[in-house]
file model13.cif (mmCIF, C-alpha atoms)
data_coords
#
loop_
_atom_site.label_atom_id
_atom_site.label_comp_id
_atom_site.auth_asym_id
_atom_site.auth_seq_id
_atom_site.Cartn_x
_atom_site.Cartn_y
_atom_site.Cartn_z
CA MET P 1 80.41 92.72 91.22
CA ALA P 2 80.26 91.99 94.85
CA LYS P 3 80.97 94.95 97.06
CA ALA P 4 82.46 94.57 100.50
CA ARG P 5 82.50 96.80 103.54
CA VAL P 6 84.90 96.37 106.41
CA LYS P 7 85.19 98.17 109.71
CA ALA P 8 88.26 97.82 111.87
CA PRO P 9 89.82 100.30 114.30
CA LYS P 10 92.49 102.55 112.78
CA SER P 11 94.90 101.98 115.63
CA VAL P 12 94.93 99.54 118.52
CA LYS P 13 97.18 98.91 121.49
CA LYS P 14 99.46 95.89 121.42
CA GLY P 15 97.79 92.89 122.99
CA GLU P 16 94.33 94.41 122.77
CA VAL P 17 91.46 92.29 121.43
CA PHE P 18 89.51 94.21 118.82
CA GLU P 19 86.42 93.55 116.74
CA VAL P 20 86.40 93.45 112.98
CA LYS P 21 83.09 93.73 111.12
CA THR P 22 82.57 92.74 107.51
CA LEU P 23 79.70 92.65 105.09
CA ILE P 24 79.66 91.73 101.45
CA SER P 25 76.77 92.48 99.16
CA HIS P 26 76.02 89.24 97.34
CA LYS P 27 72.87 87.50 96.15
CA MET P 28 73.94 84.08 97.45
CA GLU P 29 71.89 82.25 94.84
CA THR P 30 71.22 78.85 96.41
CA GLY P 31 70.76 76.84 93.21
CA LEU P 32 67.40 75.61 94.44
CA ARG P 33 65.25 78.34 92.91
CA LYS P 34 63.60 78.16 89.54
CA ASN P 35 63.08 80.91 87.04
CA LYS P 36 59.35 81.57 87.35
CA LYS P 37 58.87 82.14 83.62
CA THR P 38 61.01 79.42 82.05
CA GLY P 39 60.90 76.85 84.85
CA LYS P 40 64.64 76.34 84.59
CA LYS P 41 66.80 76.05 87.65
CA ILE P 42 68.90 79.11 88.46
CA PRO P 43 72.45 77.81 88.92
CA ARG P 44 74.04 78.05 92.32
CA LYS P 45 76.26 81.04 92.88
CA ILE P 46 77.32 81.63 96.43
CA ILE P 47 80.41 82.71 98.24
CA ASN P 48 81.82 79.41 99.42
CA LYS P 49 84.90 80.59 101.27
CA PHE P 50 85.78 83.55 103.41
CA SER P 51 89.24 83.97 104.83
CA VAL P 52 91.15 86.71 106.58
CA THR P 53 94.89 87.03 106.95
CA TYR P 54 96.61 89.39 109.34
CA GLY P 55 100.31 89.97 108.85
CA GLY P 56 100.37 87.09 106.37
CA LYS P 57 98.87 84.58 108.81
CA GLU P 58 95.32 83.32 108.52
CA VAL P 59 93.29 84.50 111.52
CA PHE P 60 89.79 83.65 110.34
CA GLY P 61 88.58 81.15 107.79
CA SER P 62 85.25 79.62 107.00
CA ASP P 63 83.47 77.56 104.36
CA TRP P 64 80.01 78.74 103.47
CA HIS P 65 77.05 76.74 102.22
CA PRO P 66 73.75 77.55 100.50
CA ALA P 67 71.90 78.26 103.77
CA VAL P 68 73.92 81.43 104.34
CA SER P 69 71.72 84.48 103.74
CA ALA P 70 72.17 87.11 101.06
CA ASN P 71 74.57 89.93 101.94
CA PRO P 72 76.43 87.90 104.57
CA TYR P 73 77.69 89.74 107.62
CA VAL P 74 80.55 88.38 109.71
CA SER P 75 82.23 89.87 112.73
CA PHE P 76 85.05 88.38 114.76
CA PHE P 77 87.68 89.30 117.31
CA VAL P 78 91.42 89.39 116.80
CA LYS P 79 94.28 90.08 119.17
CA ALA P 80 96.57 92.90 118.04
CA SER P 81 100.07 91.53 117.56
CA ALA P 82 101.94 93.78 115.16
CA SER P 83 101.16 96.50 112.63
CA GLY P 84 100.36 95.11 109.24
CA PRO P 85 97.78 94.59 106.55
CA MET P 86 94.61 92.65 107.22
CA LYS P 87 93.48 91.05 104.00
CA PHE P 88 89.92 89.83 103.44
CA GLN P 89 89.07 87.36 100.70
CA TRP P 90 85.64 86.18 99.61
CA THR P 91 85.70 83.37 97.05
CA GLU P 92 82.67 82.86 94.87
CA ASP P 93 81.51 79.71 93.05
CA GLY P 94 83.44 79.81 89.78
CA GLY P 95 86.53 81.15 91.50
CA ALA P 96 86.00 84.91 91.39
CA VAL P 97 87.60 86.53 94.42
CA THR P 98 86.63 89.82 96.06
CA GLU P 99 89.45 91.30 98.06
CA LYS P 100 89.79 94.06 100.54
CA THR P 101 92.77 95.16 102.60
CA VAL P 102 92.87 97.27 105.74
CA ASN P 103 96.03 98.40 107.45
CA ILE P 104 96.05 97.83 111.19
CA LYS P 105 98.32 100.12 113.20
CA VAL P 106 99.45 98.67 116.49
CA THR P 107 100.82 101.12 119.04
CA MET A 1 92.67 103.08 101.42
CA GLY A 2 89.22 102.23 100.12
CA ALA A 3 88.24 100.86 103.48
CA VAL A 4 89.20 104.09 105.19
CA VAL A 5 86.94 106.08 102.90
CA VAL A 6 84.09 103.66 103.52
CA GLY A 7 84.60 103.90 107.24
CA LEU A 8 84.54 107.68 107.16
CA SER A 9 81.46 108.00 104.99
CA GLY A 10 79.63 105.49 107.15
CA PHE A 11 80.60 107.36 110.25
CA ALA A 12 79.56 110.74 108.91
CA SER A 13 76.13 109.60 107.84
CA ILE A 14 75.13 107.65 110.91
CA ALA A 15 73.15 109.26 113.66
CA SER A 16 73.41 107.48 116.97
CA SER A 17 70.22 105.79 118.05
CA ALA A 18 69.97 108.15 121.03
CA GLU A 19 69.13 111.04 118.70
CA MET A 20 66.41 109.14 116.92
CA THR A 21 62.73 109.69 117.64
CA TYR A 22 60.79 106.47 117.28
CA LYS A 23 57.64 107.67 119.02
CA VAL A 24 55.76 110.94 118.69
CA GLY A 25 52.33 111.33 120.24
CA ASP A 26 50.28 108.32 119.15
CA ARG A 27 52.62 107.50 116.29
CA SER A 28 55.36 104.86 116.46
CA SER A 29 57.91 103.89 113.87
CA GLY A 30 58.00 100.34 112.54
CA TYR A 31 61.29 100.17 114.43
CA THR A 32 59.38 99.82 117.70
CA TYR A 33 57.55 96.77 116.31
CA ALA A 34 60.72 95.07 115.07
CA THR A 35 62.56 92.44 117.08
CA LYS A 36 65.72 93.37 118.95
CA GLU A 37 67.78 91.44 116.44
CA THR A 38 66.32 93.35 113.50
CA GLN A 39 66.81 96.65 115.33
CA GLY A 40 70.42 95.62 115.91
CA ILE A 41 71.00 95.14 112.19
CA GLN A 42 69.53 98.56 111.46
CA ASP A 43 71.57 100.35 114.12
CA ASP A 44 74.96 99.03 113.05
CA ASP A 45 76.09 100.76 109.88
CA ILE A 46 78.20 97.77 108.86
CA ALA A 47 75.67 95.05 109.68
CA ASN A 48 72.96 97.04 107.88
CA PRO A 49 73.27 95.71 104.32
CA ALA A 50 71.59 98.77 102.81
CA TYR A 51 74.66 100.88 103.63
CA VAL A 52 76.25 99.32 100.56
CA TYR A 53 73.65 101.35 98.67
CA VAL A 54 74.59 104.51 100.57
CA ASP A 55 78.15 104.06 99.32
CA ASP A 56 76.91 103.36 95.79
CA GLY A 57 74.72 106.45 95.90
CA GLU A 58 77.63 108.57 97.04
CA ALA A 59 79.65 107.36 94.06
CA LEU A 60 76.75 107.95 91.64
CA TRP A 61 76.27 111.45 93.02
CA SER A 62 79.54 112.65 91.53
CA LYS A 63 79.57 110.38 88.48
CA VAL A 64 79.25 112.28 85.21
CA ASP A 65 76.44 110.90 83.06
CA GLY A 66 74.52 112.05 79.98
CA LYS A 67 75.04 114.46 77.11
CA ALA A 68 75.49 117.56 79.23
CA GLY A 69 78.61 116.07 80.82
CA LYS A 70 77.39 116.80 84.30
CA SER A 71 76.90 114.93 87.52
CA CYS A 72 74.59 115.75 90.41
CA ALA A 73 77.60 117.21 92.20
CA SER A 74 78.20 119.70 89.34
CA CYS A 75 75.25 121.76 90.56
CA HIS A 76 74.36 120.52 94.03
CA ALA A 77 76.06 119.96 97.33
CA VAL A 78 74.40 117.03 99.05
CA ASP A 79 74.80 118.59 102.47
CA SER A 80 73.28 121.92 101.42
CA ALA A 81 70.24 123.15 103.30
CA MET A 82 67.99 122.29 100.37
CA LEU A 83 69.14 118.70 99.98
CA SER A 84 69.94 117.65 103.51
CA ASP A 85 66.27 117.59 104.44
CA VAL A 86 65.01 115.95 101.25
CA GLY A 87 64.08 112.85 103.19
CA THR A 88 61.77 114.83 105.46
CA ARG A 89 59.78 116.78 102.88
CA TYR A 90 59.17 114.60 99.81
CA PRO A 91 56.84 114.12 97.93
CA VAL A 92 56.43 117.81 97.06
CA TYR A 93 54.10 119.77 94.80
CA ASN A 94 55.48 120.59 91.38
CA ALA A 95 53.70 123.61 89.92
CA LYS A 96 54.85 122.88 86.36
CA LEU A 97 53.38 119.40 86.40
CA GLY A 98 50.42 120.48 88.49
CA LYS A 99 50.77 117.47 90.73
CA LEU A 100 52.91 115.84 93.37
CA GLN A 101 56.36 114.57 92.60
CA SER A 102 58.19 111.87 94.50
CA LEU A 103 61.93 111.88 95.01
CA GLU A 104 62.38 109.19 92.35
CA GLN A 105 60.50 111.29 89.81
CA LYS A 106 62.47 114.40 90.74
CA ILE A 107 65.76 112.57 90.27
CA ASN A 108 64.69 111.36 86.83
CA GLN A 109 63.44 114.81 85.84
CA GLU A 110 66.82 116.31 86.75
CA ARG A 111 68.62 113.53 84.90
CA GLU A 112 66.63 114.07 81.73
CA GLU A 113 66.38 117.87 81.71
CA LYS A 114 69.66 118.99 83.24
CA MET A 115 72.04 116.12 82.55
CA GLY A 116 70.62 114.73 79.30
CA ALA A 117 70.91 111.29 80.82
CA LYS A 118 68.64 108.28 80.68
CA PRO A 119 66.16 108.07 83.54
CA TYR A 120 66.73 105.35 86.07
CA LYS A 121 64.23 102.54 86.22
CA TRP A 122 62.11 102.81 89.37
CA GLU A 123 63.30 99.78 91.29
CA SER A 124 66.79 99.57 89.77
CA GLY A 125 69.94 99.40 91.85
CA SER A 126 70.97 102.90 90.75
CA MET A 127 67.64 104.45 91.68
CA LEU A 128 67.61 102.73 95.06
CA ALA A 129 71.21 103.76 95.70
CA MET A 130 70.45 107.38 94.83
CA THR A 131 67.25 107.62 96.88
CA ILE A 132 68.78 105.81 99.86
CA TYR A 133 71.85 108.05 99.73
CA MET A 134 69.78 111.23 99.52
CA ARG A 135 67.29 110.28 102.21
CA ASN A 136 70.10 109.04 104.42
CA GLN A 137 71.35 112.65 104.55
CA SER A 138 68.19 113.43 106.55
CA LYS A 139 68.60 110.53 108.96
CA GLY A 140 67.49 111.59 112.42
CA LYS A 141 65.52 114.61 111.20
CA PRO A 142 61.75 114.68 111.76
CA MET A 143 59.38 113.92 108.89
CA ASN A 144 57.80 117.19 107.89
CA VAL A 145 55.86 117.28 104.60
CA SER A 146 53.85 120.25 103.43
CA ILE A 147 50.12 119.63 103.12
CA ASP A 148 49.07 123.25 102.58
CA GLY A 149 47.86 125.25 99.60
CA PRO A 150 48.04 123.44 96.27
CA VAL A 151 48.85 120.14 98.00
CA ILE A 152 45.45 119.89 99.73
CA PRO A 153 43.56 118.00 96.97
CA PHE A 154 46.42 115.48 96.63
CA PHE A 155 46.57 115.00 100.37
CA GLU A 156 42.83 114.38 100.42
CA ALA A 157 43.18 111.90 97.55
CA GLY A 158 45.90 110.06 99.46
CA LYS A 159 43.77 109.96 102.59
CA LYS A 160 40.83 108.66 100.59
CA PHE A 161 42.99 105.94 99.06
CA TYR A 162 44.13 104.94 102.52
CA ASP A 163 40.58 104.52 103.84
CA GLN A 164 39.15 103.02 100.65
CA LYS A 165 38.36 99.32 100.82
CA ARG A 166 39.78 97.43 97.86
CA GLY A 167 40.47 94.00 96.44
CA GLN A 168 38.79 90.64 96.82
CA LEU A 169 39.33 90.79 100.57
CA ASP A 170 37.65 94.19 100.71
CA MET A 171 40.24 95.73 102.99
CA SER A 172 41.63 99.24 103.26
CA CYS A 173 45.10 100.21 104.41
CA ALA A 174 43.50 101.51 107.62
CA ASN A 175 41.86 98.16 108.41
CA CYS A 176 45.27 96.71 109.17
CA HIS A 177 47.49 99.66 110.00
CA VAL A 178 45.07 101.73 112.10
CA ASP A 179 42.47 99.29 113.44
CA ASN A 180 44.84 96.40 114.07
CA ALA A 181 48.30 97.87 114.53
CA GLY A 182 50.06 95.77 117.15
CA ASN A 183 47.93 92.69 116.47
CA ARG A 184 49.14 89.69 114.58
CA ILE A 185 48.09 88.73 111.09
CA ARG A 186 49.03 85.07 111.14
CA ALA A 187 52.70 85.10 112.16
CA ASN A 188 53.35 88.74 111.32
CA LEU A 189 53.04 91.67 113.65
CA LEU A 190 51.08 94.49 112.04
CA THR A 191 52.76 97.87 112.36
CA GLU A 192 51.30 101.31 111.86
CA GLY A 193 52.68 101.23 108.35
CA GLN A 194 54.91 104.26 108.81
CA SER A 195 57.05 105.23 105.84
CA ASN A 196 59.90 107.01 107.62
CA GLY A 197 62.48 104.27 106.98
CA PHE A 198 61.99 103.87 103.23
CA PRO A 199 63.65 102.77 101.03
CA THR A 200 63.87 99.94 103.55
CA TYR A 201 65.99 96.82 103.52
CA ARG A 202 63.49 94.00 103.91
CA LEU A 203 64.89 90.71 105.09
CA LYS A 204 62.18 89.00 103.07
CA TRP A 205 63.29 90.72 99.89
CA GLN A 206 66.98 90.33 100.73
CA LYS A 207 67.46 93.80 99.26
CA PRO A 208 66.14 97.32 99.75
CA GLY A 209 62.92 98.39 98.12
CA SER A 210 60.98 101.59 97.55
CA ILE A 211 57.75 102.47 99.32
CA HIS A 212 55.91 101.88 96.04
CA ARG A 213 57.14 98.29 95.96
CA ARG A 214 55.70 97.90 99.45
CA PHE A 215 52.38 99.45 98.35
CA ARG A 216 52.19 96.98 95.50
CA GLY A 217 52.86 94.09 97.88
CA CYS A 218 50.15 95.27 100.25
CA ASN A 219 47.67 95.71 97.42
CA LYS A 220 48.40 92.24 96.09
CA GLN A 221 47.90 90.75 99.54
CA VAL A 222 44.34 92.05 99.72
CA ARG A 223 43.99 90.66 96.17
CA ALA A 224 43.64 94.02 94.49
CA THR A 225 45.32 94.93 91.23
CA PRO A 226 48.33 97.02 92.18
CA TYR A 227 48.98 100.41 90.61
CA GLY A 228 52.21 101.08 88.75
CA TYR A 229 55.45 102.35 90.22
CA GLY A 230 55.25 106.12 90.36
CA SER A 231 51.52 106.24 89.66
CA ASP A 232 49.68 109.32 90.91
CA GLU A 233 47.66 107.18 93.32
CA TYR A 234 50.78 105.92 95.03
CA VAL A 235 52.52 109.29 95.13
CA ASN A 236 49.45 110.79 96.81
CA LEU A 237 49.40 107.90 99.25
CA GLU A 238 53.11 108.39 99.90
CA LEU A 239 52.38 111.99 100.91
CA TYR A 240 49.57 110.95 103.22
CA LEU A 241 51.80 108.35 104.89
CA ALA A 242 54.61 110.87 105.32
CA TRP A 243 52.13 113.18 107.04
CA ARG A 244 50.86 110.32 109.23
CA GLY A 245 54.44 109.83 110.39
CA ARG A 246 55.11 113.54 110.97
CA GLY A 247 57.69 114.10 113.68
CA LEU A 248 59.17 110.61 113.43
CA SER A 249 62.86 110.53 112.54
CA VAL A 250 63.88 109.61 109.04
CA GLU A 251 65.50 106.18 109.43
CA THR A 252 66.60 105.48 105.87
CA PRO A 253 67.88 102.87 105.35
CA ALA A 254 65.75 101.00 107.87
CA VAL A 255 65.73 97.22 108.24
CA ARG A 256 62.46 95.33 108.59
CA ASN A 257 61.45 91.71 108.41
#
call {"tool": "encode", "arguments": {"input": "model13.cif", "output": "structure tokens"}}
result
Amino acid sequence: MAKARVKAPKSVKKGEVFEVKTLISHKMETGLRKNKKTGKKIPRKIINKFSVTYGGKEVFGSDWHPAVSANPYVSFFVKASASGPMKFQWTEDGGAVTEKTVNIKVT
Amino acid sequence: MGAVVVGLSGFASIASSAEMTYKVGDRSSGYTYATKETQGIQDDDIANPAYVYVDDGEALWSKVDGKAGKSCASCHAVDSAMLSDVGTRYPVYNAKLGKLQSLEQKINQEREEKMGAKPYKWESGSMLAMTIYMRNQSKGKPMNVSIDGPVIPFFEAGKKFYDQKRGQLDMSCANCHVDNAGNRIRANLLTEGQSNGFPTYRLKWQKPGSIHRRFRGCNKQVRATPYGYGSDEYVNLELYLAWRGRGLSVETPAVRN
């Protein structure tokens, strides 16, 4: 159900360092809250891993923990090497993966 | 491909902060009370988490729903003159109902009467997406509600509500947002309570919420019994607030703490 938004330049010059911005809409349920009516713990459901590959090579990877806010936003810089797909993967507790791919054109 | 579409829609709907009016006369948007960091989240259409709802709203706009087999887009163009300033002029007077109607109520009326579809629940994701998407079309335009003619009694009722002390703490809206705007209430900075950024993404809520949700929160904090979502009292108050913020740019979706 998670929805992701990504912003990367459509075309960049070779060797240029460019910024990539990402945001995924996710509740990031910490597992520490209780259901107010029943008193039962709400099970943890967060995105625990975020990784980005560019031209098949991982350029950004991170493990996330319960302190990460809802709707996590990440931006990072990458050096343009060659044209190719940039693939974003968010892995949720339970293994569900949200994917998004952007094609980077290097001129 | 999907990302390209997202990028384009985000780009088309964002007004650069230079075009925005955050101060008019003695009125300032809540934006001017927010920290730089919060302003930064609002200004960046990717960092602003409520833009997910703008995308959702755009998809809902052309999604066929209900018995009539229609979508909003079957009859309306969102960038038409009538709809592109929706964010500036709601709530409006509805002669058939004989009272004011908020944007949420108008959407549900259209859904039921024209589309034969189920109304959205007030604070549901679909309703928020639709209202955020529609008001976002007016981003950067000045708030400009009509308070003439048949609207006068409702405007007066809204004003009365605003100045009326209520709850166990015996406080009116004006006690905080007029008398003490700019002062702190414990750790929080009191703003003028302007409504030009609603539905607003509140960091506290970790999601966007309607102005009526905010009214209910305020009422609970002075230990008064809140009115219901879409109640006449709140719609009248919504009109009065929109008038109080006249001239301020629509900021939907704003980000506040």
call {"tool": "atom_distance", "arguments": {"input": "model13.cif", "atom1": "CA of Tyr120 (chain A)", "atom2": "CA of Ser62 (chain A)"}}
result
15.7 Å
call {"tool": "interface_residues", "arguments": {"input": "model13.cif", "of": "chain P", "to": "chain A", "cutoff": "10 Å", "atoms": "all atoms listed in the file", "output": "JSON, numbers by chain"}}
result
{"P": [3, 4, 5, 6, 7, 8, 9, 10, 21, 22, 23, 24, 25, 26, 27, 28, 69, 70, 71, 72, 73, 74, 75, 100, 101, 102, 103]}
call {"tool": "residues_near_point", "arguments": {"input": "model13.cif", "point": "(87.0, 89.0, 99.4)", "cutoff": "9 Å", "atoms": "only C-alpha atoms", "output": "list in words"}}
result
Ala2, Lys3, Ala4, Ile24, Lys49, Phe50, Ser51, Val52, Lys87, Phe88, Gln89, Trp90, Thr91, Glu92, Val97, Thr98, Glu99 and Lys100 of chain P
call {"tool": "closest_residue", "arguments": {"input": "model13.cif", "among": "P:Thr107, P:Asn35, P:Asn48, P:Ser83", "to": "His65 (chain P)", "atoms": "only C-alpha atoms"}}
result
P:Asn48
call {"tool": "resolve_selection", "arguments": {"input": "model13.cif", "expression": "the PyMOL selection byres ((chain A and resi 150-157) around 7)", "output": "ChimeraX atom specification"}}
result
/A:93,147-149,158-161,236,239-240
call {"tool": "write_last_selection", "arguments": {"input": "model13.cif", "atoms": "C-alpha atoms", "output": "PDB file, in the frame of the given file"}}
result
ATOM      1  CA  TYR A  93      54.100 119.770  94.800  1.00  0.00           C
ATOM      2  CA  ILE A 147      50.120 119.630 103.120  1.00  0.00           C
ATOM      3  CA  ASP A 148      49.070 123.250 102.580  1.00  0.00           C
ATOM      4  CA  GLY A 149      47.860 125.250  99.600  1.00  0.00           C
ATOM      5  CA  GLY A 158      45.900 110.060  99.460  1.00  0.00           C
ATOM      6  CA  LYS A 159      43.770 109.960 102.590  1.00  0.00           C
ATOM      7  CA  LYS A 160      40.830 108.660 100.590  1.00  0.00           C
ATOM      8  CA  PHE A 161      42.990 105.940  99.060  1.00  0.00           C
ATOM      9  CA  ASN A 236      49.450 110.790  96.810  1.00  0.00           C
ATOM     10  CA  LEU A 239      52.380 111.990 100.910  1.00  0.00           C
ATOM     11  CA  TYR A 240      49.570 110.950 103.220  1.00  0.00           C
TER      12      TYR A 240
END
